[in-house]
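Participant: As input, take upload_19.cif (mmCIF, C-alpha atoms):
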```
data_data
#
loop_
_atom_site.group_PDB
_atom_site.id
_atom_site.type_symbol
_atom_site.label_atom_id
_atom_site.label_comp_id
_atom_site.auth_asym_id
_atom_site.auth_seq_id
_atom_site.Cartn_x
_atom_site.Cartn_y
_atom_site.Cartn_z
ATOM 1 C CA MET O 284 5.516 -7.668 -23.101
ATOM 2 C CA TRP O 285 5.331 -4.161 -21.700
ATOM 3 C CA TYR O 286 5.368 -0.625 -22.993
ATOM 4 C CA TYR O 287 7.317 1.773 -20.821
ATOM 5 C CA GLU O 288 6.079 5.288 -20.129
ATOM 6 C CA LYS O 289 8.954 7.520 -19.179
ATOM 7 C CA LYS O 290 7.231 9.130 -16.206
ATOM 8 C CA LEU O 291 6.156 8.164 -12.713
ATOM 9 C CA GLN O 292 2.586 7.102 -11.962
ATOM 10 C CA TYR O 293 2.373 9.943 -9.434
ATOM 11 C CA PRO O 294 4.925 12.752 -9.022
ATOM 12 C CA VAL O 295 7.483 12.164 -6.280
ATOM 13 C CA LYS O 296 8.696 15.119 -4.253
ATOM 14 C CA VAL O 297 10.933 15.150 -1.208
ATOM 15 C CA ARG O 298 11.532 18.202 0.986
ATOM 16 C CA GLU O 299 14.989 17.480 2.380
ATOM 17 C CA CYS O 300 17.883 15.039 2.503
ATOM 18 C CA ASN O 301 16.770 12.472 5.087
ATOM 19 C CA PRO O 302 18.548 9.085 4.951
ATOM 20 C CA ARG O 303 16.784 7.925 8.116
ATOM 21 C CA LEU O 304 13.408 8.137 6.356
ATOM 22 C CA ALA O 305 14.946 6.328 3.380
ATOM 23 C CA LYS O 306 15.862 3.469 5.722
ATOM 24 C CA PHE O 307 12.208 3.135 6.771
ATOM 25 C CA LEU O 308 10.952 3.381 3.165
ATOM 26 C CA ILE O 309 13.200 0.507 2.060
ATOM 27 C CA GLU O 310 10.648 -1.734 3.780
ATOM 28 C CA GLN O 311 8.282 -1.082 0.856
ATOM 29 C CA TYR O 312 11.091 -1.716 -1.648
ATOM 30 C CA GLY O 313 12.434 -5.119 -0.615
ATOM 31 C CA GLY O 314 10.350 -6.041 2.439
ATOM 32 C CA ALA O 315 7.907 -8.926 2.873
ATOM 33 C CA ASP O 316 4.864 -6.745 2.113
ATOM 34 C CA GLY O 317 6.672 -4.405 -0.273
ATOM 35 C CA GLU O 318 5.999 -3.509 -3.873
ATOM 36 C CA LEU O 319 8.552 -5.960 -5.318
ATOM 37 C CA ALA O 320 6.956 -8.873 -3.467
ATOM 38 C CA ALA O 321 3.521 -7.724 -4.651
ATOM 39 C CA ALA O 322 4.511 -7.380 -8.312
ATOM 40 C CA LEU O 323 6.262 -10.762 -8.440
ATOM 41 C CA ARG O 324 3.447 -12.499 -6.551
ATOM 42 C CA TYR O 325 0.639 -11.289 -8.841
ATOM 43 C CA LEU O 326 2.446 -11.620 -12.158
ATOM 44 C CA ASN O 327 3.479 -15.163 -11.251
ATOM 45 C CA GLN O 328 0.008 -16.247 -10.089
ATOM 46 C CA ARG O 329 -1.476 -15.113 -13.439
ATOM 47 C CA TYR O 330 -0.618 -18.344 -15.229
ATOM 48 C CA THR O 331 -2.691 -20.721 -13.168
ATOM 49 C CA ILE O 332 -5.648 -18.576 -12.085
ATOM 50 C CA PRO O 333 -9.015 -18.925 -13.967
ATOM 51 C CA ASP O 334 -9.046 -16.786 -17.143
ATOM 52 C CA LYS O 335 -11.692 -14.427 -15.808
ATOM 53 C CA VAL O 336 -9.239 -12.864 -13.360
ATOM 54 C CA ILE O 337 -5.908 -13.186 -15.223
ATOM 55 C CA GLY O 338 -6.272 -9.660 -16.582
ATOM 56 C CA LEU O 339 -6.759 -8.268 -13.099
ATOM 57 C CA LEU O 340 -3.559 -9.871 -11.785
ATOM 58 C CA ASN O 341 -1.764 -8.642 -14.899
ATOM 59 C CA ASP O 342 -2.905 -5.040 -14.441
ATOM 60 C CA ILE O 343 -2.315 -4.869 -10.695
ATOM 61 C CA GLY O 344 1.065 -6.648 -10.941
ATOM 62 C CA THR O 345 2.122 -4.129 -13.562
ATOM 63 C CA GLU O 346 0.970 -1.204 -11.424
ATOM 64 C CA GLU O 347 3.019 -2.549 -8.508
ATOM 65 C CA PHE O 348 6.153 -2.066 -10.622
ATOM 66 C CA ALA O 349 5.096 1.544 -11.138
ATOM 67 C CA HIS O 350 4.863 1.848 -7.343
ATOM 68 C CA LEU O 351 8.263 0.173 -6.916
ATOM 69 C CA GLU O 352 9.700 2.830 -9.188
ATOM 70 C CA MET O 353 8.122 5.596 -7.081
ATOM 71 C CA ILE O 354 9.593 4.118 -3.885
ATOM 72 C CA ALA O 355 13.010 3.842 -5.574
ATOM 73 C CA THR O 356 12.784 7.504 -6.597
ATOM 74 C CA MET O 357 11.852 8.519 -3.040
ATOM 75 C CA VAL O 358 14.756 6.557 -1.532
ATOM 76 C CA TYR O 359 17.146 7.934 -4.125
ATOM 77 C CA LYS O 360 16.088 11.536 -3.503
ATOM 78 C CA LEU O 361 16.188 11.152 0.295
ATOM 79 C CA THR O 362 19.781 9.863 0.191
ATOM 80 C CA LYS O 363 21.177 11.733 -2.820
ATOM 81 C CA ASP O 364 24.450 13.518 -1.956
ATOM 82 C CA ALA O 365 24.249 12.496 1.697
ATOM 83 C CA THR O 366 27.745 12.304 3.219
ATOM 84 C CA PRO O 367 29.047 9.006 4.653
ATOM 85 C CA GLU O 368 28.666 10.630 8.096
ATOM 86 C CA GLN O 369 24.985 11.371 7.464
ATOM 87 C CA ILE O 370 24.465 7.836 6.144
ATOM 88 C CA LYS O 371 26.140 6.411 9.240
ATOM 89 C CA ALA O 372 24.110 8.611 11.592
ATOM 90 C CA ALA O 373 20.909 7.357 9.920
ATOM 91 C CA GLY O 374 21.797 3.760 10.743
ATOM 92 C CA LEU O 375 22.681 2.943 7.136
ATOM 93 C CA GLY O 376 26.421 2.428 7.745
ATOM 94 C CA ASP O 377 26.174 -1.315 7.116
ATOM 95 C CA HIS O 378 24.285 -0.635 3.885
ATOM 96 C CA TYR O 379 27.001 1.807 2.830
ATOM 97 C CA VAL O 380 29.902 -0.617 3.270
ATOM 98 C CA ASN O 381 28.180 -3.112 0.980
ATOM 99 C CA HIS O 382 26.356 -0.898 -1.544
ATOM 100 C CA ASP O 383 27.673 2.687 -1.323
ATOM 101 C CA SER O 384 24.523 4.720 -2.031
ATOM 102 C CA ALA O 385 23.102 2.186 -4.517
ATOM 103 C CA LEU O 386 19.591 0.918 -3.847
ATOM 104 C CA PHE O 387 19.185 -2.701 -2.833
ATOM 105 C CA TYR O 388 16.185 -4.970 -2.271
ATOM 106 C CA SER O 389 16.128 -5.376 1.484
ATOM 107 C CA ASN O 390 13.746 -4.522 4.309
ATOM 108 C CA ALA O 391 14.138 -1.683 6.803
ATOM 109 C CA SER O 392 16.412 -3.855 8.959
ATOM 110 C CA GLY O 393 18.688 -4.684 6.025
ATOM 111 C CA VAL O 394 17.466 -8.268 5.509
ATOM 112 C CA PRO O 395 17.741 -9.032 1.764
ATOM 113 C CA PHE O 396 14.636 -9.850 -0.276
ATOM 114 C CA THR O 397 13.692 -13.528 -0.532
ATOM 115 C CA ALA O 398 11.163 -15.424 -2.664
ATOM 116 C CA THR O 399 9.828 -16.971 0.556
ATOM 117 C CA TYR O 400 7.916 -13.690 1.039
ATOM 118 C CA ILE O 401 5.515 -14.740 -1.723
ATOM 119 C CA GLN O 402 3.417 -17.793 -2.424
ATOM 120 C CA ALA O 403 1.645 -19.416 -5.345
ATOM 121 C CA LYS O 404 -0.591 -22.164 -4.001
ATOM 122 C CA GLY O 405 -2.405 -22.871 -7.266
ATOM 123 C CA ASP O 406 -5.763 -22.772 -5.512
ATOM 124 C CA PRO O 407 -7.510 -19.642 -6.827
ATOM 125 C CA ILE O 408 -9.263 -18.782 -3.558
ATOM 126 C CA ALA O 409 -6.132 -19.350 -1.460
ATOM 127 C CA ASP O 410 -4.084 -17.190 -3.843
ATOM 128 C CA LEU O 411 -6.609 -14.337 -3.976
ATOM 129 C CA TYR O 412 -7.003 -14.338 -0.186
ATOM 130 C CA GLU O 413 -3.224 -14.066 0.098
ATOM 131 C CA ASP O 414 -3.347 -11.135 -2.343
ATOM 132 C CA ILE O 415 -6.034 -9.371 -0.292
ATOM 133 C CA ALA O 416 -3.977 -9.893 2.882
ATOM 134 C CA ALA O 417 -0.874 -8.573 1.095
ATOM 135 C CA GLU O 418 -2.699 -5.375 0.103
ATOM 136 C CA GLU O 419 -3.948 -4.791 3.657
ATOM 137 C CA LYS O 420 -0.465 -5.383 5.079
ATOM 138 C CA ALA O 421 1.077 -2.990 2.558
ATOM 139 C CA ARG O 422 -1.610 -0.413 3.454
ATOM 140 C CA ALA O 423 -0.723 -0.771 7.148
ATOM 141 C CA THR O 424 2.994 -0.428 6.368
ATOM 142 C CA TYR O 425 2.294 2.834 4.514
ATOM 143 C CA GLN O 426 0.328 4.068 7.540
ATOM 144 C CA TRP O 427 3.208 3.401 9.909
ATOM 145 C CA ILE O 428 5.718 5.056 7.552
ATOM 146 C CA ILE O 429 3.450 8.128 7.288
ATOM 147 C CA ASP O 430 3.303 8.176 11.115
ATOM 148 C CA LEU O 431 7.113 8.213 11.297
ATOM 149 C CA SER O 432 7.632 10.747 8.501
ATOM 150 C CA ASP O 433 7.703 14.505 8.971
ATOM 151 C CA ASP O 434 8.133 15.275 5.254
ATOM 152 C CA PRO O 435 4.805 16.591 3.881
ATOM 153 C CA ASP O 436 5.878 16.268 0.239
ATOM 154 C CA LEU O 437 6.900 12.652 0.733
ATOM 155 C CA ASN O 438 3.700 11.926 2.653
ATOM 156 C CA ASP O 439 1.649 13.212 -0.284
ATOM 157 C CA GLY O 440 3.112 10.413 -2.426
ATOM 158 C CA LEU O 441 2.764 7.854 0.385
ATOM 159 C CA LYS O 442 -0.925 8.684 0.857
ATOM 160 C CA TYR O 443 -1.446 8.134 -2.861
ATOM 161 C CA LEU O 444 0.254 4.724 -2.639
ATOM 162 C CA ARG O 445 -1.824 3.798 0.425
ATOM 163 C CA GLU O 446 -5.026 4.591 -1.466
ATOM 164 C CA ARG O 447 -3.914 2.339 -4.338
ATOM 165 C CA GLU O 448 -3.588 -0.553 -1.870
ATOM 166 C CA ILE O 449 -7.211 0.029 -0.902
ATOM 167 C CA VAL O 450 -8.397 -0.008 -4.514
ATOM 168 C CA HIS O 451 -6.358 -3.154 -5.237
ATOM 169 C CA SER O 452 -7.780 -4.888 -2.184
ATOM 170 C CA LEU O 453 -11.297 -4.107 -3.425
ATOM 171 C CA ARG O 454 -10.467 -5.494 -6.883
ATOM 172 C CA PHE O 455 -9.155 -8.763 -5.412
ATOM 173 C CA ARG O 456 -12.281 -9.027 -3.259
ATOM 174 C CA GLU O 457 -14.334 -8.554 -6.440
ATOM 175 C CA ALA O 458 -12.265 -11.293 -8.130
ATOM 176 C CA VAL O 459 -13.264 -13.674 -5.338
ATOM 177 C CA GLU O 460 -16.922 -12.746 -5.907
ATOM 178 C CA ILE O 461 -16.522 -13.450 -9.639
ATOM 179 C CA LEU O 462 -15.023 -16.888 -8.936
ATOM 180 C CA LYS O 463 -17.838 -17.679 -6.484
ATOM 181 C CA GLU O 464 -20.243 -17.321 -9.441
ATOM 182 C CA GLU O 465 -23.133 -16.220 -7.283
ATOM 183 C CA ARG O 466 -23.332 -12.616 -8.363
ATOM 184 C CA ASP O 467 -25.908 -12.760 -11.155
ATOM 185 C CA LYS O 468 -28.092 -15.396 -9.493
ATOM 186 C CA LYS O 469 -31.274 -14.333 -7.813
ATOM 187 C CA GLN O 470 -30.917 -14.720 -4.067
ATOM 188 C CA PHE O 471 -33.631 -16.637 -2.203
ATOM 189 C CA TYR O 472 -33.563 -17.116 1.534
ATOM 190 C CA MET N 542 -22.795 5.026 5.775
ATOM 191 C CA PHE N 543 -19.763 3.523 7.504
ATOM 192 C CA THR N 544 -17.011 5.385 9.389
ATOM 193 C CA GLN N 545 -13.375 5.255 8.244
ATOM 194 C CA PHE N 546 -11.946 4.838 11.757
ATOM 195 C CA LYS N 547 -13.029 2.787 14.765
ATOM 196 C CA TYR N 548 -12.121 3.456 18.389
ATOM 197 C CA TRP N 549 -11.559 1.339 21.478
ATOM 198 C CA LYS N 550 -10.454 1.922 25.040
ATOM 199 C CA PRO N 551 -7.696 -0.456 26.137
ATOM 200 C CA TYR N 552 -7.153 -1.383 29.771
ATOM 201 C CA VAL N 553 -4.780 1.008 31.524
ATOM 202 C CA SER N 554 -2.825 -0.289 34.481
ATOM 203 C CA PRO N 555 -1.716 2.106 37.258
ATOM 204 C CA PHE N 556 1.799 0.722 36.700
ATOM 205 C CA ASP N 557 2.118 1.397 32.945
ATOM 206 C CA PRO N 558 5.421 3.276 32.521
ATOM 207 C CA CYS N 559 4.559 5.027 29.223
ATOM 208 C CA LYS N 560 1.920 7.746 29.258
ATOM 209 C CA PRO N 561 -1.238 5.766 28.504
ATOM 210 C CA ILE N 562 -3.184 6.330 25.307
ATOM 211 C CA ARG N 563 -6.766 6.155 26.579
ATOM 212 C CA VAL N 564 -8.471 5.808 23.208
ATOM 213 C CA LYS N 565 -6.913 3.847 20.364
ATOM 214 C CA SER N 566 -8.092 3.797 16.788
ATOM 215 C CA TYR N 567 -7.724 1.742 13.635
ATOM 216 C CA SER N 568 -8.531 2.335 9.989
ATOM 217 C CA THR N 569 -11.565 0.661 8.378
ATOM 218 C CA PRO N 570 -11.339 1.771 4.732
ATOM 219 C CA PRO N 571 -14.135 1.517 2.119
ATOM 220 C CA GLN N 572 -13.131 -1.798 0.523
ATOM 221 C CA LEU N 573 -14.357 -3.548 3.674
ATOM 222 C CA TYR N 574 -17.895 -2.339 3.011
ATOM 223 C CA ILE N 575 -18.163 -2.617 -0.792
ATOM 224 C CA PRO N 576 -18.382 -6.285 -1.794
ATOM 225 C CA PHE N 577 -18.562 -5.402 -5.502
ATOM 226 C CA GLN N 578 -18.285 -1.901 -6.942
ATOM 227 C CA PRO N 579 -21.639 -0.999 -8.556
ATOM 228 C CA PRO N 580 -21.596 0.545 -12.064
ATOM 229 C CA GLY N 581 -22.051 4.307 -12.456
ATOM 230 C CA LEU N 582 -20.527 5.457 -9.149
ATOM 231 C CA PRO N 583 -19.994 9.252 -9.186
ATOM 232 C CA GLN N 584 -16.449 10.322 -10.071
ATOM 233 C CA TYR N 585 -14.291 13.271 -8.987
ATOM 234 C CA PRO N 586 -15.045 16.376 -11.076
ATOM 235 C CA THR N 587 -11.453 16.800 -12.314
ATOM 236 C CA ALA N 588 -8.742 14.349 -13.332
ATOM 237 C CA ARG N 589 -6.247 16.294 -11.188
ATOM 238 C CA GLN N 590 -8.352 15.736 -8.090
ATOM 239 C CA ALA N 591 -8.732 12.031 -8.897
ATOM 240 C CA LEU N 592 -4.954 11.705 -9.322
ATOM 241 C CA HIS N 593 -4.349 13.486 -6.036
ATOM 242 C CA CYS N 594 -6.745 11.132 -4.229
ATOM 243 C CA GLY N 595 -5.417 7.993 -5.911
ATOM 244 C CA THR N 596 -8.871 6.916 -7.132
ATOM 245 C CA LEU N 597 -11.525 8.048 -9.612
ATOM 246 C CA TRP N 598 -14.349 7.550 -7.117
ATOM 247 C CA PRO N 599 -14.835 9.573 -3.907
ATOM 248 C CA ASP N 600 -16.612 6.532 -2.409
ATOM 249 C CA LEU N 601 -13.324 4.604 -2.502
ATOM 250 C CA PHE N 602 -11.226 7.354 -0.924
ATOM 251 C CA SER N 603 -9.754 6.734 2.502
ATOM 252 C CA PRO N 604 -8.071 9.548 4.470
ATOM 253 C CA TYR N 605 -4.886 9.019 6.479
ATOM 254 C CA PRO N 606 -3.848 10.079 9.078
ATOM 255 C CA ASN N 607 -7.220 10.246 10.810
ATOM 256 C CA PRO N 608 -8.474 13.793 10.066
ATOM 257 C CA GLU N 609 -10.441 13.794 13.344
ATOM 258 C CA LYS N 610 -7.340 13.223 15.429
ATOM 259 C CA LYS N 611 -4.914 15.824 14.035
ATOM 260 C CA GLY N 612 -1.930 13.760 13.097
ATOM 261 C CA LYS N 613 -1.752 10.549 15.085
#
```
Rewrite the structure from the file as C-alpha cells, please.
Facilitator:
Amino acid sequence: MWYYEKKLQYPVKVRECNPRLAKFLIEQYGGADGELAAALRYLNQRYTIPDKVIGLLNDIGTEEFAHLEMIATMVYKLTKDATPEQIKAAGLGDHYVNHDSALFYSNASGVPFTATYIQAKGDPIADLYEDIAAEEKARATYQWIIDLSDDPDLNDGLKYLREREIVHSLRFREAVEILKEERDKKQFY
Amino acid sequence: MFTQFKYWKPYVSPFDPCKPIRVKSYSTPPQLYIPFQPPGLPQYPTARQALHCGTLWPDLFSPYPNPEKKGK
C-alpha cells in the first residue's frame, strides 16, 4: 500500500523543446538499466530476502518509482507540442506512428521493455549483487546522457538522479555487510 | 581521502583516424570507499543544499561531469 504525494521528488525543469534529448532519456524510462526495471526488480525481490533488508528494498524500490515519474515528466516536457516534423527529425518517427506523443516503456532504440531485464534468483547475495550492479549501470547511463545533453536545467535534474544511484549503491553494499553478519564481531588477524 | 576520478593513458596508434584522446578518465564515486556509513556523519547546513546535491551528507556527494576537466 502506498501514499501518493502530489509532487515530484526533485523539481524538473527543461529549457527548450528537444525531442532528440527525449529519445536518449527514454533509455532510463524503459531500458534495461532504467528506473522501471529498478523499481520492479527491488519490489519483487522483497518477498524472499531476509527480513533485515526487506525494508531497504521496499524504500529504494518506492523511490525508483519517484525517479520514473521525474523521467516521464522530462520526456513529456521535451516533446510537448513538438510538430510531427520535429519528431521525425529527432528520429522518433517510428515512435510517432505507433504512439503519437504518448510515452511508452522502451529503450532509446525503441525496443519495448521486457521482464528479462530483471532477475530474482532467490539467493540473497546474488540478488543484492545484481542490485549493486544495476545502480552502477544506471549511474553510468546518467553520465552518458549528461554528456550528450546541452540543457543545463535538465542536467540539474539528471545530476540529482545520478547521485541517488550512488546512495542506493552504498545502501545495497551495506545490506550485503549486514547479511555477512561480521560487522559487530571483533576482528582478529 | 580518495579522488572522485581516475585517469589512464591509452595506447595511441599513428593510424588512429579520430583525434586521439591522450588521457581518459572514469568516475570512482564515494560508495566504493565507504563499506558501511558510520553514524554521525556531518550533514549539509541547509535542507535546500542537501536536496540540490541529492544527499544529506557531503561525504556521499559525487560531482559530474568531472569539475577538473571542464565538461567532458
Participant: Using the chain letters and numbers from the file, give me the residues hit by the PyMOL selection byres ((chain N and resi 579) around 12), as a VMD selection string.
Facilitator: (chain O and resid 453 457 466) or (chain N and resid 575 to 578 580 to 583 598 600 to 601)
Participant: From the set O:Phe396, O:Tyr325, O:Tyr293, O:Tyr286, which residue has the shortest atom-to-atom contact distance to Ala591 in chain N, counting only C-alpha atoms?
Facilitator: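 Result for the nearest residue to Ala591 in chain N: O:Tyr293.
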Participant: Need to verify the contact set: Ile309 in chain O, 10 Å, all atoms listed in the file, exclusion of same-chain residues closer than 2 positions in sequence. Can you return it as a PDB file with C-alpha atoms, keeping the file's coordinate frame?
Facilitator:
```
ATOM      1  CA  LEU O 304      13.408   8.137   6.356  1.00  0.00           C
ATOM      2  CA  ALA O 305      14.946   6.328   3.380  1.00  0.00           C
ATOM      3  CA  LYS O 306      15.862   3.469   5.722  1.00  0.00           C
ATOM      4  CA  PHE O 307      12.208   3.135   6.771  1.00  0.00           C
ATOM      5  CA  GLN O 311       8.282  -1.082   0.856  1.00  0.00           C
ATOM      6  CA  TYR O 312      11.091  -1.716  -1.648  1.00  0.00           C
ATOM      7  CA  GLY O 313      12.434  -5.119  -0.615  1.00  0.00           C
ATOM      8  CA  GLY O 314      10.350  -6.041   2.439  1.00  0.00           C
ATOM      9  CA  GLY O 317       6.672  -4.405  -0.273  1.00  0.00           C
ATOM     10  CA  ILE O 354       9.593   4.118  -3.885  1.00  0.00           C
ATOM     11  CA  ALA O 355      13.010   3.842  -5.574  1.00  0.00           C
ATOM     12  CA  MET O 357      11.852   8.519  -3.040  1.00  0.00           C
ATOM     13  CA  VAL O 358      14.756   6.557  -1.532  1.00  0.00           C
ATOM     14  CA  LEU O 386      19.591   0.918  -3.847  1.00  0.00           C
ATOM     15  CA  PHE O 387      19.185  -2.701  -2.833  1.00  0.00           C
ATOM     16  CA  TYR O 388      16.185  -4.970  -2.271  1.00  0.00           C
ATOM     17  CA  SER O 389      16.128  -5.376   1.484  1.00  0.00           C
ATOM     18  CA  ASN O 390      13.746  -4.522   4.309  1.00  0.00           C
ATOM     19  CA  ALA O 391      14.138  -1.683   6.803  1.00  0.00           C
ATOM     20  CA  SER O 392      16.412  -3.855   8.959  1.00  0.00           C
ATOM     21  CA  GLY O 393      18.688  -4.684   6.025  1.00  0.00           C
TER      22      GLY O 393
END
```
Participant: So what do you get for CA of Ala322 in chain O versus CA of Pro395 in chain O, distance-wise?
Facilitator: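 Separating CA of Ala322 in chain O from CA of Pro395 in chain O is a distance of 16.7 Å.
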Participant: Near chain N, meaning an atom within 10 Å, which residues of chain O appear when counting all atoms listed in the file? Write them as a PDB file with C-alpha atoms, in the coordinates of the input.
Facilitator:
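Final output, out_12.pdb:
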```pdb
ATOM      1  CA  GLN O 292       2.586   7.102 -11.962  1.00  0.00           C
ATOM      2  CA  TYR O 293       2.373   9.943  -9.434  1.00  0.00           C
ATOM      3  CA  PRO O 294       4.925  12.752  -9.022  1.00  0.00           C
ATOM      4  CA  GLU O 419      -3.948  -4.791   3.657  1.00  0.00           C
ATOM      5  CA  ARG O 422      -1.610  -0.413   3.454  1.00  0.00           C
ATOM      6  CA  ALA O 423      -0.723  -0.771   7.148  1.00  0.00           C
ATOM      7  CA  TYR O 425       2.294   2.834   4.514  1.00  0.00           C
ATOM      8  CA  GLN O 426       0.328   4.068   7.540  1.00  0.00           C
ATOM      9  CA  TRP O 427       3.208   3.401   9.909  1.00  0.00           C
ATOM     10  CA  ILE O 429       3.450   8.128   7.288  1.00  0.00           C
ATOM     11  CA  ASP O 430       3.303   8.176  11.115  1.00  0.00           C
ATOM     12  CA  LEU O 431       7.113   8.213  11.297  1.00  0.00           C
ATOM     13  CA  ASN O 438       3.700  11.926   2.653  1.00  0.00           C
ATOM     14  CA  ASP O 439       1.649  13.212  -0.284  1.00  0.00           C
ATOM     15  CA  GLY O 440       3.112  10.413  -2.426  1.00  0.00           C
ATOM     16  CA  LEU O 441       2.764   7.854   0.385  1.00  0.00           C
ATOM     17  CA  LYS O 442      -0.925   8.684   0.857  1.00  0.00           C
ATOM     18  CA  TYR O 443      -1.446   8.134  -2.861  1.00  0.00           C
ATOM     19  CA  LEU O 444       0.254   4.724  -2.639  1.00  0.00           C
ATOM     20  CA  ARG O 445      -1.824   3.798   0.425  1.00  0.00           C
ATOM     21  CA  GLU O 446      -5.026   4.591  -1.466  1.00  0.00           C
ATOM     22  CA  ARG O 447      -3.914   2.339  -4.338  1.00  0.00           C
ATOM     23  CA  GLU O 448      -3.588  -0.553  -1.870  1.00  0.00           C
ATOM     24  CA  ILE O 449      -7.211   0.029  -0.902  1.00  0.00           C
ATOM     25  CA  VAL O 450      -8.397  -0.008  -4.514  1.00  0.00           C
ATOM     26  CA  HIS O 451      -6.358  -3.154  -5.237  1.00  0.00           C
ATOM     27  CA  SER O 452      -7.780  -4.888  -2.184  1.00  0.00           C
ATOM     28  CA  LEU O 453     -11.297  -4.107  -3.425  1.00  0.00           C
ATOM     29  CA  ARG O 454     -10.467  -5.494  -6.883  1.00  0.00           C
ATOM     30  CA  PHE O 455      -9.155  -8.763  -5.412  1.00  0.00           C
ATOM     31  CA  ARG O 456     -12.281  -9.027  -3.259  1.00  0.00           C
ATOM     32  CA  GLU O 457     -14.334  -8.554  -6.440  1.00  0.00           C
ATOM     33  CA  ALA O 458     -12.265 -11.293  -8.130  1.00  0.00           C
ATOM     34  CA  VAL O 459     -13.264 -13.674  -5.338  1.00  0.00           C
ATOM     35  CA  GLU O 460     -16.922 -12.746  -5.907  1.00  0.00           C
ATOM     36  CA  ILE O 461     -16.522 -13.450  -9.639  1.00  0.00           C
ATOM     37  CA  ARG O 466     -23.332 -12.616  -8.363  1.00  0.00           C
TER      38      ARG O 466
END
```
Participant: Of the candidates O:Ile415, O:Ala398, O:Ala349, O:Leu361, which shows the shortest atom-to-atom distance to Ser384 in chain O, using only C-alpha atoms?
Facilitator: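 Checking each of O:Ile415, O:Ala398, O:Ala349, O:Leu361 against Ser384 in chain O, counting only C-alpha atoms, the winner is O:Leu361.
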Participant: Nearest to Leu323 in chain O among O:Asp414, O:Asp434, O:Asp406, O:Asp383, with distances taken over only C-alpha atoms: which residue is it?
Facilitator: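 Counting only C-alpha atoms, the residue closest to Leu323 in chain O is O:Asp414.
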Participant: Check the smallest atom-to-atom distance from each of O:Thr397, O:Asn301, O:Asn381, O:Asn327 to Thr362 in chain O using only C-alpha atoms, then report the winner.
Facilitator: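 Residue with the minimum atom-to-atom distance to Thr362 in chain O: O:Asn301.
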Participant: What is the CA of Leu437 in chain O-CA of Lys296 in chain O distance in Å, reported with one decimal?
Facilitator: 5.8 Å
Participant: Between CA of Tyr548 in chain N and CA of Lys565 in chain N, what is the spacing in Å?
Facilitator: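 We find that CA of Lys565 in chain N and CA of Tyr548 in chain N lie 5.6 Å from each other.
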Participant: Would you pick out the contacts of range 344-347 of chain O at 7 Å or less, using all atoms listed in the file, so that residues sharing its chain but fewer than 2 positions from it are not included, and give the list as a PyMOL selection string?
Facilitator: chain O and resi 318+321-322+325-326+340-342+349-351
Participant: Please write as a list in words the list of polymer residues whose atoms come within 9 Å of (-4.9, 6.0, 29.3), counting only C-alpha atoms and keeping to the coordinates of the file.
Facilitator: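 Answer for this query, in the requested form: Lys550, Pro551, Tyr552, Val553, Ser554, Lys560, Pro561, Ile562, Arg563 and Val564 of chain N.
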